[in-house]
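K.L.:
Sharing a structure with you now.
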Amino acid sequence: MKTYEGENVRNVAVIGHSHSGKTSLVSALLFTAGSTPRLGRIDDGTTATDYDEEEISRQMTISASLAAIEWGKTKINLIDTPGFNMFVHEAEMAIPAVDTALVVVDSVSGVQVVTQKVWNFADSLSLPRVVICTRMDRERADFERVMASLTSTFGRNVVPVQLPIGAEKNFKGVVDLVKLKAYYYEMGGNGRARIEDIPADMADQAKAAHEALIELVAEGDDALMSEYFDTGTIGEEHIVSGIHNAIREDRLFPVLFASGLGNIGSDEVLDFLLDYVPAATERGAIAGVPTSPDAEPPSRKIASSEPLSLFVFKTVSDPFSGRISYFKVVSGVLKNDATVTNYLRGTTEKFAHIAAVLGKQLIPVPELAAGDIGAVAKLKETLTGDTLGDKSAPIQYPFVSLPEPAITFAIEPKTRADEDKLGVGVHKLMEEDAMLRFFRDAQTKDFLIAGTGQQHIEVIVSKLKRRYHTEVILKAPKVPYRETIRGNADVQGRHKKQSGGHGQFGDCKIRMSPLPRGGNFEFSNDTFGGSIPKNFIPAVEKGILEAAARGFLAGYPVVDFKVSLYDGSYHDVDSNEMSFKKAGRIAFKKAMEAAKPAILEPIMQVTITVPDEFAGAVMGDMNSRRGRIQGMDNQAGNTVIRAHCPMSEMLTYGTDLTAMTQGRGSFSMEMDHYDFVPALQQEKVIAAAKAAGAGLEEEEEE
């Protein structure tokens with residue numbers, strides 16, 4: 001594959017709800033462009049971008065994957081992203097690397113939960129968006145209904161630039177509202193159109209849609225508005241540039257129609273990406289992270305003449321090739337075998353064998369210009385989110401802020417051999433999955449693994465077995481309860497021990513008070529007059545933190561509290577750091593007894609989409625789970641229910657919702673906030689924790 005300058009590169013993320021046809025559309029575009037020899041199918045496991053064994057067996061996209069297409073004199077880098085809510089972080093991490101989002105919407109279901117989520121994320125970055133309504137060949141596909149869903153959700157600036165010719169099994173092509181021509185396709189063919197005049201029965205509809213498009217394009221451009229008033233229309237060449245500018249400026253969100261499975265409309269989609277969406281170099285300068293709180297953020301123009309800089313937006317851990325890093329060249333030109341600096345880690349890396357990417361294939365290239373996307377294998381220390389480049393011109397690009405994982409499971413290695421391999425396998429998976437956490441419970445000694453949901457964890461367990469031959473037993477999910485206080489306390493912690501020779505002595509007085517949710521922990525030293533030597537004060541704080549990590553009521557970490565150390569005493573000979581650390585632990589325990597301790601539980605933001613006839617039953621069930629309904633919307637025959645519900649009540653919700661809705665309901669959830677556990681449930685949590693041995697023997701203190 002040859003080198004492409006940034007003005008001839010289009011970087012596009014394919015985003016949208018699960019099962020909307022994203023991967024099938026990408027497969028059709030690859031086949032039509034000649035990048036793949038056949039039309040890949042999800043059912044056959046032959047798509048270029050869903051190549052992982054887990055994706056093939058589950059028939060779903062799990063991680064973002066890249067596919068480069070050469071079309072005309074342009075290179076189009078497509079990033080196929082997951083649409084399941086628990087894997088949507090993959091889309092969020094890929095979006096900053098692209099210059100346009102291709103928002104895929106099912107022509108039957110219309111706008112769905114994740115569609116809105118990724119749209120809003122793209123909107124927060126002012127990323128241009130193009131909508132593709134796929135699956136027009138499916139039963140119940142409807143142009144009017146899907147357009148109503150789009151405009152009611154995203155506004156009047158979502159406007160068709162095509163009209164579908166036919167629908168369901170009669171879908172056979174599109175009318176281009178700029179060129180005013182009809183494009184016909186053979187179902188399952190090569191994706192190349194036969195161009196004809198617009199059908200007579202669609203002429204009036206096409207004319208009205210053409211005029212509506214022109215009017216919207218002219219609205220934001222004075223020159224076009226003047227031409228429109230003078231002549232009553234706009235010339236085709238001016239329409240093209242007008243749409244291009246309106247897309248780039250986020251004033252227009254054009255809608256196209258296609259079928260990935262039937263390969264209908266593919267060449268028109270590729271031509272649209274070439275002619276209308278912004279080139280990589282049209283994006284404004286990329287802002288970096290300020291070097292200090294008061295400093296202006298540095299920025300770098302996307303140009304080959306600038307110093308070299310690039311950022312890694314994804315890492316894949318391959319058992320055979322090792323670590324593969326996907327990156328975007330922001331500025332400069334990256335040549336093969338270049339040595340660059342990792343600004344965050346202060347190390348150097350050699351970019352040997354840089355490549356363009358087509359699914360799991362790495363296609364060698366001699367160099368990559370500013371604005372292009374590529375991959376390289378076997379970087380030693382670089383991970384996702386790192387910025388690299390010319391040592392003399394450092395800049396750090398910001399990384400996507402992701403929420404904390406929503407659910408935690410205990411895992412147990414099946415054999416001693418599995419235990420030896422577990423840490424290595426999980427840490428390799430953590431390199432490629434930013435939402436995965438792995439740690440060991442200091443009290444129970446259990447291995448814990450945290451992720452976005454049960455299916456996410458099941459995928460990780462399966463990858464451990466397939467890739468790293470490590471088998472584990474997955475135990476019931478652990479709800480990440482926290483402990484806190486409701487009141488204030490003023491106590492003394494005194495540790496004194498004599499055992500012959502030097503003794504131990506530490507004495508501290510503290511005040512404890514609650515902080516707002518999310519406050520975590522604050523410590524202030526309010527001592528005066530040397531009542532406690534300065535070198536022992538950190539030991540008091542450390543003792544309190546260690547005790548807080550062990551919990552008080554049920555062994556869960558204590559959060560959202562403030563400690564003020566205001567007095568104490570010491571012994572010239574017997575006082576040391578250990579003595580004051582123990583005094584801090586004693587003071588913490590006494591303060592917790594007096595400060596009205598309570599347990600907090602994670603509350604999830606839940607979005608449920610069900611057919612209208614099941615809405616009442618689902619809301620009743622949600623109320624029975626201590627859920628609080630936040631609102632409802634109607635959407636193309638479905639009811640979308642938004643609620644807050646404790647995580648402990650949602651652990652088996654997927655199975656329960658399937659049973660309630662005959663498999664026709666779907667839901668997504670993410671961590672929202674912590675709240676107090678009601679008294680009755682709190683007693684159960686404490687009893688369960690004690691039964692499970694959460695409150696282990698504390699170190700003996702005197």
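How things are named: the first chain in the structure tokens is A, the next is B, and so on; residues count from 1 in each chain; ligands count from 1 in the order shown.
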Report the residues of stretch 112-189 of chain A whose backbone DSSP state falls under strand (DSSP E or B), written as a VMD selection string.

P.N.:
chain A and resid 129 to 134 158 to 160 162 to 165 173 to 176 181 to 184

K.L.:
How about saving the chosen residues, N, CA and C atoms kept, as a compact mmCIF listing (two decimals), in the first residue's frame?

P.N.:
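As a result, out30.txt now contains:
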```txt
# COMPACT_ATOMS: atom_id res chain seq x y z
N ARG A 129 -20.71 14.03 11.59
CA ARG A 129 -21.43 12.75 11.57
C ARG A 129 -22.22 12.58 10.28
N VAL A 130 -22.18 11.36 9.76
CA VAL A 130 -22.98 10.95 8.61
C VAL A 130 -23.79 9.74 9.05
N VAL A 131 -25.08 9.72 8.73
CA VAL A 131 -25.95 8.62 9.15
C VAL A 131 -26.15 7.65 7.98
N ILE A 132 -25.99 6.37 8.25
CA ILE A 132 -26.30 5.33 7.27
C ILE A 132 -27.45 4.49 7.82
N CYS A 133 -28.59 4.52 7.15
CA CYS A 133 -29.71 3.65 7.53
C CYS A 133 -29.53 2.32 6.81
N THR A 134 -29.18 1.29 7.57
CA THR A 134 -28.89 -0.02 6.98
C THR A 134 -30.11 -0.93 7.09
N VAL A 158 -30.65 16.67 10.57
CA VAL A 158 -30.47 15.32 10.02
C VAL A 158 -31.36 15.24 8.78
N VAL A 159 -30.74 15.20 7.60
CA VAL A 159 -31.50 15.33 6.36
C VAL A 159 -31.03 14.31 5.33
N PRO A 160 -31.95 13.67 4.61
CA PRO A 160 -31.53 12.68 3.61
C PRO A 160 -30.84 13.32 2.41
N GLN A 162 -30.12 10.95 0.09
CA GLN A 162 -30.57 9.87 -0.78
C GLN A 162 -32.01 9.51 -0.40
N LEU A 163 -32.69 8.88 -1.32
CA LEU A 163 -33.96 8.23 -1.04
C LEU A 163 -33.84 6.77 -1.40
N PRO A 164 -34.38 5.87 -0.57
CA PRO A 164 -34.33 4.45 -0.95
C PRO A 164 -35.33 4.14 -2.06
N ILE A 165 -34.93 3.29 -2.98
CA ILE A 165 -35.84 2.81 -4.02
C ILE A 165 -36.38 1.46 -3.54
N GLY A 173 -32.13 -0.07 -4.58
CA GLY A 173 -31.21 1.00 -4.91
C GLY A 173 -31.54 2.29 -4.19
N VAL A 174 -30.90 3.39 -4.65
CA VAL A 174 -31.09 4.69 -4.02
C VAL A 174 -31.17 5.77 -5.09
N VAL A 175 -31.85 6.86 -4.74
CA VAL A 175 -31.86 8.07 -5.57
C VAL A 175 -30.90 9.07 -4.93
N ASP A 176 -29.91 9.54 -5.72
CA ASP A 176 -28.97 10.55 -5.25
C ASP A 176 -29.63 11.92 -5.40
N LYS A 181 -30.09 11.27 -9.83
CA LYS A 181 -30.03 10.05 -10.61
C LYS A 181 -30.38 8.87 -9.71
N ALA A 182 -30.85 7.78 -10.34
CA ALA A 182 -31.18 6.56 -9.61
C ALA A 182 -30.04 5.55 -9.77
N TYR A 183 -29.70 4.87 -8.67
CA TYR A 183 -28.62 3.89 -8.66
C TYR A 183 -29.20 2.54 -8.26
N TYR A 184 -29.15 1.59 -9.21
CA TYR A 184 -29.73 0.27 -9.00
C TYR A 184 -28.62 -0.77 -8.77
```

K.L.:
From a DSSP calculation on the backbone, collect every residue of stretch 210-412 of chain A in helix (DSSP H, G or I) and output the set as a PyMOL selection string.

P.N.:
chain A and resi 210-219+222-231+236-248+266-275+280-282

K.L.:
Taking N, CA and C atoms for each residue, export the selection above as a CSV table (one decimal), in the first residue's frame.

P.N.:
```csv
chain,number,residue,atom,x,y,z
A,210,HIS,N,-34.9,17.1,-2.7
A,210,HIS,CA,-33.8,17.9,-3.3
A,210,HIS,C,-33.9,19.4,-2.8
A,211,GLU,N,-35.1,19.9,-2.9
A,211,GLU,CA,-35.2,21.3,-2.5
A,211,GLU,C,-35.0,21.5,-1.0
A,212,ALA,N,-35.5,20.6,-0.2
A,212,ALA,CA,-35.3,20.7,1.2
A,212,ALA,C,-33.8,20.6,1.6
A,213,LEU,N,-33.1,19.7,0.9
A,213,LEU,CA,-31.7,19.6,1.1
A,213,LEU,C,-30.9,20.9,0.7
A,214,ILE,N,-31.3,21.5,-0.4
A,214,ILE,CA,-30.6,22.7,-0.9
A,214,ILE,C,-30.9,23.8,0.1
A,215,GLU,N,-32.1,23.9,0.6
A,215,GLU,CA,-32.5,25.0,1.5
A,215,GLU,C,-31.7,24.9,2.8
A,216,LEU,N,-31.5,23.7,3.3
A,216,LEU,CA,-30.8,23.5,4.6
A,216,LEU,C,-29.3,23.8,4.4
A,217,VAL,N,-28.7,23.4,3.2
A,217,VAL,CA,-27.3,23.6,2.9
A,217,VAL,C,-27.0,25.1,2.8
A,218,ALA,N,-28.0,25.8,2.2
A,218,ALA,CA,-27.8,27.3,2.0
A,218,ALA,C,-27.9,28.1,3.2
A,219,GLU,N,-28.6,27.5,4.2
A,219,GLU,CA,-28.9,28.3,5.5
A,219,GLU,C,-27.6,28.9,6.1
A,222,ASP,N,-23.6,32.3,3.3
A,222,ASP,CA,-24.2,33.5,2.7
A,222,ASP,C,-24.1,33.5,1.2
A,223,ALA,N,-23.0,33.0,0.7
A,223,ALA,CA,-22.8,33.0,-0.8
A,223,ALA,C,-23.9,32.0,-1.4
A,224,LEU,N,-24.1,30.9,-0.8
A,224,LEU,CA,-25.0,29.9,-1.3
A,224,LEU,C,-26.5,30.5,-1.2
A,225,MET,N,-26.7,31.1,0.0
A,225,MET,CA,-28.0,31.7,0.2
A,225,MET,C,-28.4,32.7,-0.9
A,226,SER,N,-27.3,33.5,-1.3
A,226,SER,CA,-27.5,34.6,-2.3
A,226,SER,C,-27.8,33.9,-3.6
A,227,GLU,N,-27.1,32.8,-4.0
A,227,GLU,CA,-27.3,32.1,-5.2
A,227,GLU,C,-28.7,31.5,-5.2
A,228,TYR,N,-29.1,31.0,-4.1
A,228,TYR,CA,-30.4,30.3,-4.0
A,228,TYR,C,-31.5,31.3,-4.2
A,229,PHE,N,-31.4,32.5,-3.6
A,229,PHE,CA,-32.4,33.5,-3.8
A,229,PHE,C,-32.5,34.1,-5.2
A,230,ASP,N,-31.3,34.2,-5.9
A,230,ASP,CA,-31.2,34.7,-7.2
A,230,ASP,C,-31.7,33.8,-8.3
A,231,THR,N,-31.4,32.5,-8.1
A,231,THR,CA,-31.7,31.5,-9.2
A,231,THR,C,-32.8,30.5,-8.8
A,236,GLU,N,-24.7,22.1,-9.1
A,236,GLU,CA,-24.3,20.8,-8.5
A,236,GLU,C,-22.9,21.0,-7.8
A,237,GLU,N,-22.0,21.7,-8.5
A,237,GLU,CA,-20.6,21.8,-7.9
A,237,GLU,C,-20.7,22.6,-6.6
A,238,HIS,N,-21.6,23.6,-6.5
A,238,HIS,CA,-21.7,24.3,-5.3
A,238,HIS,C,-22.5,23.6,-4.2
A,239,ILE,N,-23.4,22.7,-4.6
A,239,ILE,CA,-24.0,21.8,-3.6
A,239,ILE,C,-23.0,20.9,-2.9
A,240,VAL,N,-22.1,20.3,-3.8
A,240,VAL,CA,-21.1,19.4,-3.2
A,240,VAL,C,-20.3,20.1,-2.2
A,241,SER,N,-19.7,21.3,-2.6
A,241,SER,CA,-18.8,22.0,-1.6
A,241,SER,C,-19.6,22.5,-0.4
A,242,GLY,N,-20.9,22.9,-0.7
A,242,GLY,CA,-21.7,23.3,0.4
A,242,GLY,C,-22.0,22.3,1.4
A,243,ILE,N,-22.3,21.0,1.0
A,243,ILE,CA,-22.6,19.9,1.9
A,243,ILE,C,-21.3,19.6,2.6
A,244,HIS,N,-20.2,19.5,1.9
A,244,HIS,CA,-18.9,19.2,2.5
A,244,HIS,C,-18.6,20.2,3.6
A,245,ASN,N,-18.8,21.5,3.4
A,245,ASN,CA,-18.5,22.5,4.4
A,245,ASN,C,-19.5,22.4,5.6
A,246,ALA,N,-20.8,22.1,5.3
A,246,ALA,CA,-21.8,22.0,6.3
A,246,ALA,C,-21.5,20.8,7.2
A,247,ILE,N,-21.0,19.7,6.6
A,247,ILE,CA,-20.7,18.5,7.4
A,247,ILE,C,-19.5,18.8,8.3
A,248,ARG,N,-18.5,19.4,7.7
A,248,ARG,CA,-17.3,19.7,8.5
A,248,ARG,C,-17.6,20.7,9.7
A,266,SER,N,-23.2,0.4,-1.7
A,266,SER,CA,-21.8,0.4,-1.2
A,266,SER,C,-21.0,1.5,-1.9
A,267,ASP,N,-21.0,1.4,-3.3
A,267,ASP,CA,-20.2,2.4,-4.0
A,267,ASP,C,-20.6,3.8,-3.7
A,268,GLU,N,-21.9,4.0,-3.5
A,268,GLU,CA,-22.3,5.4,-3.2
A,268,GLU,C,-21.8,5.9,-1.9
A,269,VAL,N,-21.8,4.9,-0.9
A,269,VAL,CA,-21.2,5.3,0.4
A,269,VAL,C,-19.8,5.7,0.3
A,270,LEU,N,-19.0,4.9,-0.4
A,270,LEU,CA,-17.6,5.1,-0.6
A,270,LEU,C,-17.4,6.5,-1.3
A,271,ASP,N,-18.1,6.7,-2.4
A,271,ASP,CA,-18.0,8.0,-3.1
A,271,ASP,C,-18.4,9.2,-2.2
A,272,PHE,N,-19.4,9.0,-1.3
A,272,PHE,CA,-19.8,10.0,-0.4
A,272,PHE,C,-18.6,10.4,0.6
A,273,LEU,N,-18.0,9.3,1.1
A,273,LEU,CA,-16.9,9.5,2.0
A,273,LEU,C,-15.7,10.3,1.3
A,274,LEU,N,-15.5,9.9,0.0
A,274,LEU,CA,-14.4,10.6,-0.7
A,274,LEU,C,-14.8,12.0,-1.0
A,275,ASP,N,-16.0,12.3,-1.4
A,275,ASP,CA,-16.4,13.7,-1.9
A,275,ASP,C,-16.8,14.7,-0.8
A,280,ALA,N,-8.4,14.3,6.5
A,280,ALA,CA,-7.7,14.3,7.8
A,280,ALA,C,-7.1,15.6,8.1
A,281,THR,N,-6.6,16.3,7.1
A,281,THR,CA,-5.9,17.6,7.4
A,281,THR,C,-6.8,18.8,7.5
A,282,GLU,N,-8.1,18.6,7.3
A,282,GLU,CA,-9.1,19.7,7.5
A,282,GLU,C,-9.5,19.9,8.9
```

K.L.:
Just want the 8 Å neighbourhood of stretch 477-483 of chain A, counted on only C-alpha atoms, with same-chain residues fewer than 3 positions away dropped. Output as a list in words.

P.N.:
Ile407, Thr408, Phe409, Ala410, Gly551, Phe552, Leu553, Tyr556, Pro557, Val558, Val559, Pro597, Ala598, Ile599, Leu600, Glu601, Pro602, Met647, Ser648 and Leu651 of chain A

K.L.:
Write the selection just made, keeping C-alpha atoms, as a PDB file, in the first residue's frame?

P.N.:
```
ATOM      1  CA  ILE A 407     -19.220  -5.266  38.388  1.00  0.00           C
ATOM      2  CA  THR A 408     -16.677  -7.472  40.163  1.00  0.00           C
ATOM      3  CA  PHE A 409     -16.357 -11.270  40.154  1.00  0.00           C
ATOM      4  CA  ALA A 410     -14.121 -13.590  42.112  1.00  0.00           C
ATOM      5  CA  GLY A 551     -13.618  -1.664  56.716  1.00  0.00           C
ATOM      6  CA  PHE A 552     -15.505  -1.514  59.988  1.00  0.00           C
ATOM      7  CA  LEU A 553     -19.036  -2.922  59.619  1.00  0.00           C
ATOM      8  CA  TYR A 556     -15.689  -2.952  52.817  1.00  0.00           C
ATOM      9  CA  PRO A 557     -13.465   0.105  52.276  1.00  0.00           C
ATOM     10  CA  VAL A 558     -14.515   3.228  54.155  1.00  0.00           C
ATOM     11  CA  VAL A 559     -14.912   6.316  51.945  1.00  0.00           C
ATOM     12  CA  PRO A 597     -21.235   4.084  60.373  1.00  0.00           C
ATOM     13  CA  ALA A 598     -23.324   3.036  57.359  1.00  0.00           C
ATOM     14  CA  ILE A 599     -22.983   1.011  54.185  1.00  0.00           C
ATOM     15  CA  LEU A 600     -23.171   2.485  50.681  1.00  0.00           C
ATOM     16  CA  GLU A 601     -24.269   0.543  47.623  1.00  0.00           C
ATOM     17  CA  PRO A 602     -23.619   1.262  43.930  1.00  0.00           C
ATOM     18  CA  MET A 647     -26.509  -3.078  41.445  1.00  0.00           C
ATOM     19  CA  SER A 648     -27.320  -5.861  43.905  1.00  0.00           C
ATOM     20  CA  LEU A 651     -27.113  -9.125  38.832  1.00  0.00           C
TER      21      LEU A 651
END
```

K.L.:
Excluding A:Pro516 and residues on its chain fewer than 5 positions from it, collect all residues at most 12 Å away from it, counting only C-alpha atoms, and give them as a PyMOL selection string.

P.N.:
chain A and resi 484-486+521-522+559-562+673-675

K.L.:
Give the answer as one residue: which of A:Ala287, A:Gly359, A:Val113, A:Ala13 has the shortest atom-to-atom distance to A:Pro398, using only C-alpha atoms?

P.N.:
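Nearest candidate to A:Pro398 out of A:Ala287, A:Gly359, A:Val113, A:Ala13: A:Ala287.
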
K.L.:
Report as a Markdown table the residues of stretch 297-403 of chain A within 7 Å of stretch 88-104 of chain A, each with its shortest atom pair and distance in Å (one decimal), using only C-alpha atoms, ordered by chain and increasing residue number.

P.N.:
```
| residue | atom | partner | partner_atom | distance |
| --- | --- | --- | --- | --- |
| A:Phe313 | CA | A:Ala94 | CA | 6.3 |
| A:Lys328 | CA | A:Ala97 | CA | 6.2 |
| A:Val400 | CA | A:Met93 | CA | 6.0 |
```

K.L.:
Tell me, in Å to one decimal, how far atom CA of A:Arg642 is from atom CA of A:Met435.

P.N.:
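Separation of atom CA of A:Arg642 and atom CA of A:Met435: 23.5 Å.
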